[in-house]
Structure formats: C-alpha cells, structure tokens
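Colleague: Provided herewith: my_file-v9.txt, compact mmCIF, C-alpha atoms.
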```txt
# COMPACT_ATOMS: atom_id res chain seq x y z
CA MET A 2 206.98 104.33 170.17
CA ILE A 3 206.23 102.53 173.43
CA ASP A 4 204.62 99.68 171.47
CA LEU A 5 207.84 99.28 169.45
CA LEU A 6 209.86 99.19 172.68
CA ARG A 7 207.49 96.65 174.20
CA GLY A 8 207.92 94.35 171.22
CA ARG A 9 211.64 94.82 170.60
CA ARG A 10 213.74 91.72 171.16
CA SER A 11 217.08 90.56 169.82
CA VAL A 12 216.46 88.33 166.81
CA ARG A 13 219.18 85.84 165.93
CA LYS A 14 217.36 83.63 163.42
CA TYR A 15 216.26 84.97 160.07
CA GLU A 16 214.26 83.81 157.08
CA ASP A 17 216.19 83.26 153.86
CA ARG A 18 214.66 86.38 152.34
CA ALA A 19 216.18 89.62 151.10
CA VAL A 20 215.22 92.98 152.54
CA GLU A 21 213.55 95.10 149.88
CA PRO A 22 215.58 98.06 148.53
CA GLU A 23 212.93 100.56 149.65
CA LYS A 24 213.24 99.31 153.24
CA ILE A 25 217.03 99.54 153.05
CA GLU A 26 216.66 103.16 151.90
CA ILE A 27 214.46 103.89 154.92
CA LEU A 28 217.09 102.31 157.20
CA LYS A 29 219.78 104.48 155.61
CA GLU A 30 217.68 107.58 156.18
CA ALA A 31 217.08 106.62 159.82
CA ALA A 32 220.81 106.22 160.39
CA LEU A 33 221.56 109.60 158.84
CA ARG A 34 218.84 111.29 160.93
CA SER A 35 220.41 110.02 164.13
CA PRO A 36 221.36 112.75 166.60
CA SER A 37 224.98 113.22 167.60
CA GLY A 38 226.84 115.31 170.15
CA ARG A 39 227.16 118.92 168.93
CA ASN A 40 225.76 117.66 165.60
CA ILE A 41 229.27 116.58 164.55
CA ARG A 42 227.98 113.33 162.99
CA PRO A 43 231.27 111.40 163.27
CA TRP A 44 229.59 108.14 162.29
CA ALA A 45 229.62 106.23 159.04
CA PHE A 46 227.54 103.22 158.03
CA VAL A 47 228.35 100.33 155.74
CA PHE A 48 225.31 98.38 154.50
CA VAL A 49 226.28 94.81 153.63
CA ASP A 50 223.90 92.41 151.87
CA ASP A 51 226.46 90.08 150.28
CA ARG A 52 226.01 86.65 151.95
CA GLY A 53 229.69 85.76 151.68
CA LEU A 54 230.75 89.01 153.28
CA LEU A 55 228.13 88.62 156.01
CA ALA A 56 229.57 85.16 156.76
CA GLU A 57 233.05 86.70 157.06
CA LEU A 58 231.73 89.47 159.32
CA ALA A 59 230.10 86.77 161.48
CA ARG A 60 233.62 85.49 162.21
CA SER A 61 234.81 88.85 163.51
CA LYS A 62 234.90 87.47 167.03
CA PRO A 63 234.69 83.94 168.46
CA HIS A 64 231.37 84.34 170.29
CA GLY A 65 228.13 86.28 169.91
CA GLY A 66 228.10 87.07 166.21
CA SER A 67 227.66 83.84 164.25
CA PHE A 68 223.98 84.60 163.55
CA LEU A 69 225.09 87.48 161.32
CA ALA A 70 225.79 84.87 158.62
CA GLY A 71 222.05 84.14 158.42
CA ALA A 72 220.93 87.75 158.23
CA ALA A 73 219.89 89.40 154.98
CA LEU A 74 221.64 92.62 155.93
CA GLY A 75 224.38 93.81 158.23
CA VAL A 76 224.95 97.46 159.05
CA VAL A 77 228.45 98.24 160.25
CA VAL A 78 228.33 101.24 162.56
CA CYS A 79 231.62 103.07 162.79
CA ALA A 80 232.99 106.56 163.36
CA ASP A 81 236.04 108.75 163.13
CA ALA A 82 236.93 108.88 166.80
CA ALA A 83 239.21 111.89 166.24
CA LYS A 84 236.21 114.01 165.23
CA SER A 85 234.25 113.67 168.45
CA ASP A 86 234.74 112.58 172.05
CA THR A 87 231.15 111.28 172.02
CA TRP A 88 231.57 108.95 169.02
CA VAL A 89 230.76 105.83 171.09
CA GLU A 90 227.49 107.34 172.30
CA ASP A 91 226.68 108.72 168.84
CA CYS A 92 227.15 105.27 167.29
CA ALA A 93 225.05 103.62 170.00
CA ILE A 94 222.19 106.07 169.40
CA ALA A 95 222.36 105.45 165.64
CA ALA A 96 222.42 101.68 166.18
CA ILE A 97 219.29 101.62 168.33
CA LEU A 98 217.49 103.91 165.90
CA LEU A 99 218.39 101.42 163.14
CA GLN A 100 217.01 98.59 165.26
CA LEU A 101 213.76 100.38 166.08
CA THR A 102 213.29 101.45 162.46
CA ALA A 103 213.90 97.86 161.37
CA LEU A 104 211.24 96.68 163.81
CA SER A 105 208.78 99.28 162.51
CA LEU A 106 209.33 97.81 159.02
CA GLY A 107 208.57 94.24 160.15
CA LEU A 108 212.23 93.27 160.43
CA GLY A 109 214.22 91.78 163.27
CA SER A 110 217.68 92.82 164.39
CA CYS A 111 220.45 92.16 166.84
CA TRP A 112 223.52 94.09 167.99
CA VAL A 113 226.94 92.46 167.45
CA GLN A 114 229.51 94.23 169.63
CA ILE A 115 232.82 94.81 167.85
CA ARG A 116 234.54 97.62 169.79
CA GLY A 117 236.71 96.19 172.55
CA ARG A 118 236.35 92.60 171.32
CA ASN A 119 239.01 90.37 169.77
CA HIS A 120 239.06 88.17 166.70
CA ALA A 121 239.89 84.48 167.23
CA ASP A 122 243.51 85.20 166.25
CA GLY A 123 243.85 87.72 169.09
CA ARG A 124 243.78 90.85 166.90
CA PRO A 125 241.07 93.42 167.59
CA ALA A 126 237.76 92.46 165.96
CA GLU A 127 237.51 95.94 164.46
CA ALA A 128 240.78 95.36 162.56
CA HIS A 129 239.18 92.27 160.99
CA VAL A 130 236.10 94.29 160.00
CA ARG A 131 238.19 97.15 158.61
CA ARG A 132 240.24 94.71 156.51
CA LEU A 133 237.14 92.93 155.16
CA LEU A 134 235.48 96.18 154.13
CA GLY A 135 238.57 98.12 153.12
CA LEU A 136 237.88 100.79 155.73
CA PRO A 137 240.57 103.30 156.69
CA ASP A 138 242.31 103.00 160.05
CA THR A 139 240.76 106.35 160.99
CA LEU A 140 237.38 104.62 161.43
CA SER A 141 236.66 102.86 164.71
CA VAL A 142 234.06 100.10 164.47
CA GLN A 143 231.45 100.10 167.22
CA ALA A 144 229.11 97.29 166.16
CA VAL A 145 227.39 95.44 163.37
CA ILE A 146 223.59 95.34 163.42
CA SER A 147 222.16 92.19 161.88
CA ILE A 148 218.82 92.76 160.12
CA GLY A 149 216.37 90.49 158.37
CA TYR A 150 212.94 88.94 158.41
CA PRO A 151 212.64 87.09 161.72
CA ALA A 152 212.39 83.30 161.62
CA GLU A 153 211.50 83.49 165.31
CA GLN A 154 209.24 85.86 167.23
CA PRO A 155 210.56 86.17 170.77
CA ALA A 156 207.90 87.59 173.05
CA GLY A 157 208.43 91.00 174.57
CA VAL A 158 209.17 91.28 178.25
CA PRO A 159 205.93 91.71 180.23
CA ARG A 160 205.65 94.98 182.13
CA ASP A 161 205.51 93.22 185.48
CA ARG A 162 208.89 91.56 184.75
CA LEU A 163 210.71 94.87 184.25
CA ASP A 164 213.36 95.65 186.87
CA TRP A 165 211.52 98.53 188.52
CA ASP A 166 214.23 98.72 191.22
CA LYS A 167 216.40 100.46 188.63
CA ILE A 168 214.17 103.54 188.88
CA ILE A 169 215.51 105.53 191.81
```
For the structure just supplied, provide its representation as structure tokens.
Modeller:
Amino acid sequence: MIDLLRGRRSVRKYEDRAVEPEKIEILKEAALRSPSGRNIRPWAFVFVDDRGLLAELARSKPHGGSFLAGAALGVVVCADAAKSDTWVEDCAIAAILLQLTALSLGLGSCWVQIRGRNHADGRPAEAHVRRLLGLPDTLSVQAVISIGYPAEQPAGVPRDRLDWDKII
C-alpha cells in the first residue's frame, strides 16, 4: 500500500484508449467495498465511458475539470444525504479507494470537485451533473473521478519533500 501512496499523483492527461471491462468491474467492486459510517452506504456511483457525456461532465464547472473530456472513464460519486450525516466523508473514502485501485491497475486518475462548486451559468455544478445523468434530486454529487491510461507519468513526491511539520 505504501508503494501505491508513494506513486499516486493526479493525472490530467490520458491516452486515447478504453479501460478494459474487467478493470471497470474491479473498480466497481472497490467502490462497493468502501467503508461508510455505521455501514449505511449512502453512496451511489455512476460509471460513464461515453466520450460525449464525459465532455459534458467536463463543463460542470468553469475551472479544474476540463481534463475529464480526455479520460476514458468518469466515476460520479454521489450519495443520498438524507440517509447519513457522514455522506461527505463516506463519498471521499470511496473516491480515494477508486483512485488507489485505479493506480493498482495501471491507470491514472484525478478528483474533480463538484460539491460546493458552481456551473458557468451560476447554478450549482451538481445540478448540471444531475440533469446530464438523469439523477434524482435526492442524490448529492460529491465529485467525479477521471480515470484512464496516463499519457503523463508525474513523479511521486520524494519522502524528504513531505511536510513533516504536519505531524504533531
């Protein structure tokens, strides 16, 4: 696990190559195995591999998500906020497990924040995502995780460059 963490970086450039169905199935399993507060599992995941839809999702907010259009896969991480007061944390845990699983499969990934962000027209970005995917208003959208074969290999952060002052 520590080797995965040492090599994990946000990847924003992807090869024009589909992710194999068997790898997508492993990513789905990883998401569903994610822990949640009191095992309520308020989250839901939408796996998107349609290039047109990925391009639309990339326009969910004005900044920080355009690279989603070049990804082979986007995983929308959302939850029914009424089911659990820890839905934000539950979604965040699931998202990082998706990212680490992707890395273990030779894939790159990057988090696209949706919750609390606005679309270019001023509406909430999550309303844009819900409309695109036909999701009910009961689902709150936390993030979209872009996934694909990396077209770049950013180096991991060397151990001596970690912010050791954060350990108290």
Colleague: Quick one: residues within 8 Å of segment 76-90 of chain A, only C-alpha atoms, excluding same-chain residues fewer than 2 positions away - as a PDB file with C-alpha atoms, keeping the file's coordinate frame?
Modeller:
```
ATOM      1  CA  SER A  37     224.980 113.220 167.600  1.00  0.00           C
ATOM      2  CA  GLY A  38     226.840 115.310 170.150  1.00  0.00           C
ATOM      3  CA  ILE A  41     229.270 116.580 164.550  1.00  0.00           C
ATOM      4  CA  PRO A  43     231.270 111.400 163.270  1.00  0.00           C
ATOM      5  CA  TRP A  44     229.590 108.140 162.290  1.00  0.00           C
ATOM      6  CA  ALA A  45     229.620 106.230 159.040  1.00  0.00           C
ATOM      7  CA  PHE A  46     227.540 103.220 158.030  1.00  0.00           C
ATOM      8  CA  VAL A  47     228.350 100.330 155.740  1.00  0.00           C
ATOM      9  CA  PHE A  48     225.310  98.380 154.500  1.00  0.00           C
ATOM     10  CA  VAL A  49     226.280  94.810 153.630  1.00  0.00           C
ATOM     11  CA  LEU A  74     221.640  92.620 155.930  1.00  0.00           C
ATOM     12  CA  CYS A  92     227.150 105.270 167.290  1.00  0.00           C
ATOM     13  CA  ALA A  93     225.050 103.620 170.000  1.00  0.00           C
ATOM     14  CA  ILE A  94     222.190 106.070 169.400  1.00  0.00           C
ATOM     15  CA  ALA A  95     222.360 105.450 165.640  1.00  0.00           C
ATOM     16  CA  ALA A  96     222.420 101.680 166.180  1.00  0.00           C
ATOM     17  CA  THR A 139     240.760 106.350 160.990  1.00  0.00           C
ATOM     18  CA  LEU A 140     237.380 104.620 161.430  1.00  0.00           C
ATOM     19  CA  SER A 141     236.660 102.860 164.710  1.00  0.00           C
ATOM     20  CA  VAL A 142     234.060 100.100 164.470  1.00  0.00           C
ATOM     21  CA  GLN A 143     231.450 100.100 167.220  1.00  0.00           C
ATOM     22  CA  ALA A 144     229.110  97.290 166.160  1.00  0.00           C
ATOM     23  CA  VAL A 145     227.390  95.440 163.370  1.00  0.00           C
ATOM     24  CA  ILE A 146     223.590  95.340 163.420  1.00  0.00           C
ATOM     25  CA  SER A 147     222.160  92.190 161.880  1.00  0.00           C
ATOM     26  CA  ILE A 148     218.820  92.760 160.120  1.00  0.00           C
TER      27      ILE A 148
END
```
Colleague: Figure out the distance between atom CA of Ala70 of chain A and atom CA of Ala56 of chain A, please, to one decimal in Å.
Modeller: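 According to the coordinates, atom CA of Ala56 of chain A and atom CA of Ala70 of chain A are separated by 4.2 Å.
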Colleague: Please compute the atom CA of Thr102 of chain A-atom CA of Ala59 of chain A distance, one decimal, in Å.
Modeller: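 Value for the atom CA of Thr102 of chain A-atom CA of Ala59 of chain A distance: 22.3 Å.
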Colleague: Report as a tab-separated table: every residue of segment 108-148 of chain A with an atom at most 10 Å from segment 7-31 of chain A, its closest pair of atoms, and their distance in Å to one decimal, counting only C-alpha atoms, with rows sorted by chain and ascending residue number.
Modeller:
```
residue	atom	partner	partner_atom	distance
A:Leu108	CA	A:Val20	CA	8.4
A:Gly109	CA	A:Val12	CA	5.4
A:Ser110	CA	A:Val12	CA	5.2
A:Cys111	CA	A:Ser11	CA	4.8
A:Trp112	CA	A:Ser11	CA	7.6
A:Ser147	CA	A:Arg13	CA	8.1
A:Ile148	CA	A:Tyr15	CA	8.2
```
Colleague: So which residues fall inside 12 Å of (231.1, 94.5, 175.5) if we count all atoms listed in the file? Mind giving them as number ranges by chain?
Modeller: A: 62, 64-65, 112-119, 126, 143-144
Colleague: Counting all atoms listed in the file, which of A:Arg52, A:Ser35, A:Pro63, A:Pro151 gets nearest to Ala121 of chain A?
Modeller: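 Checking each candidate against Ala121 of chain A, we get A:Pro63 as the closest.
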Colleague: With all atoms listed in the file as the basis for distance, which of A:Ala152, A:Leu58, A:Ala73, A:Ile168 is at the shortest distance from His129 of chain A?
Modeller: A:Leu58
Colleague: Could you please determine the separation between atom CA of Gly149 of chain A and atom CA of Ile3 of chain A in Å, to one decimal place?
Modeller: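 Between these atoms lies a distance of 21.8 Å.
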Colleague: May I ask which of the residues A:Pro155, A:His120, A:Asp51, A:Pro36 is the closest one to Gly66 of chain A, counting only C-alpha atoms?
Modeller: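 Selected residue with least distance to Gly66 of chain A: A:His120.
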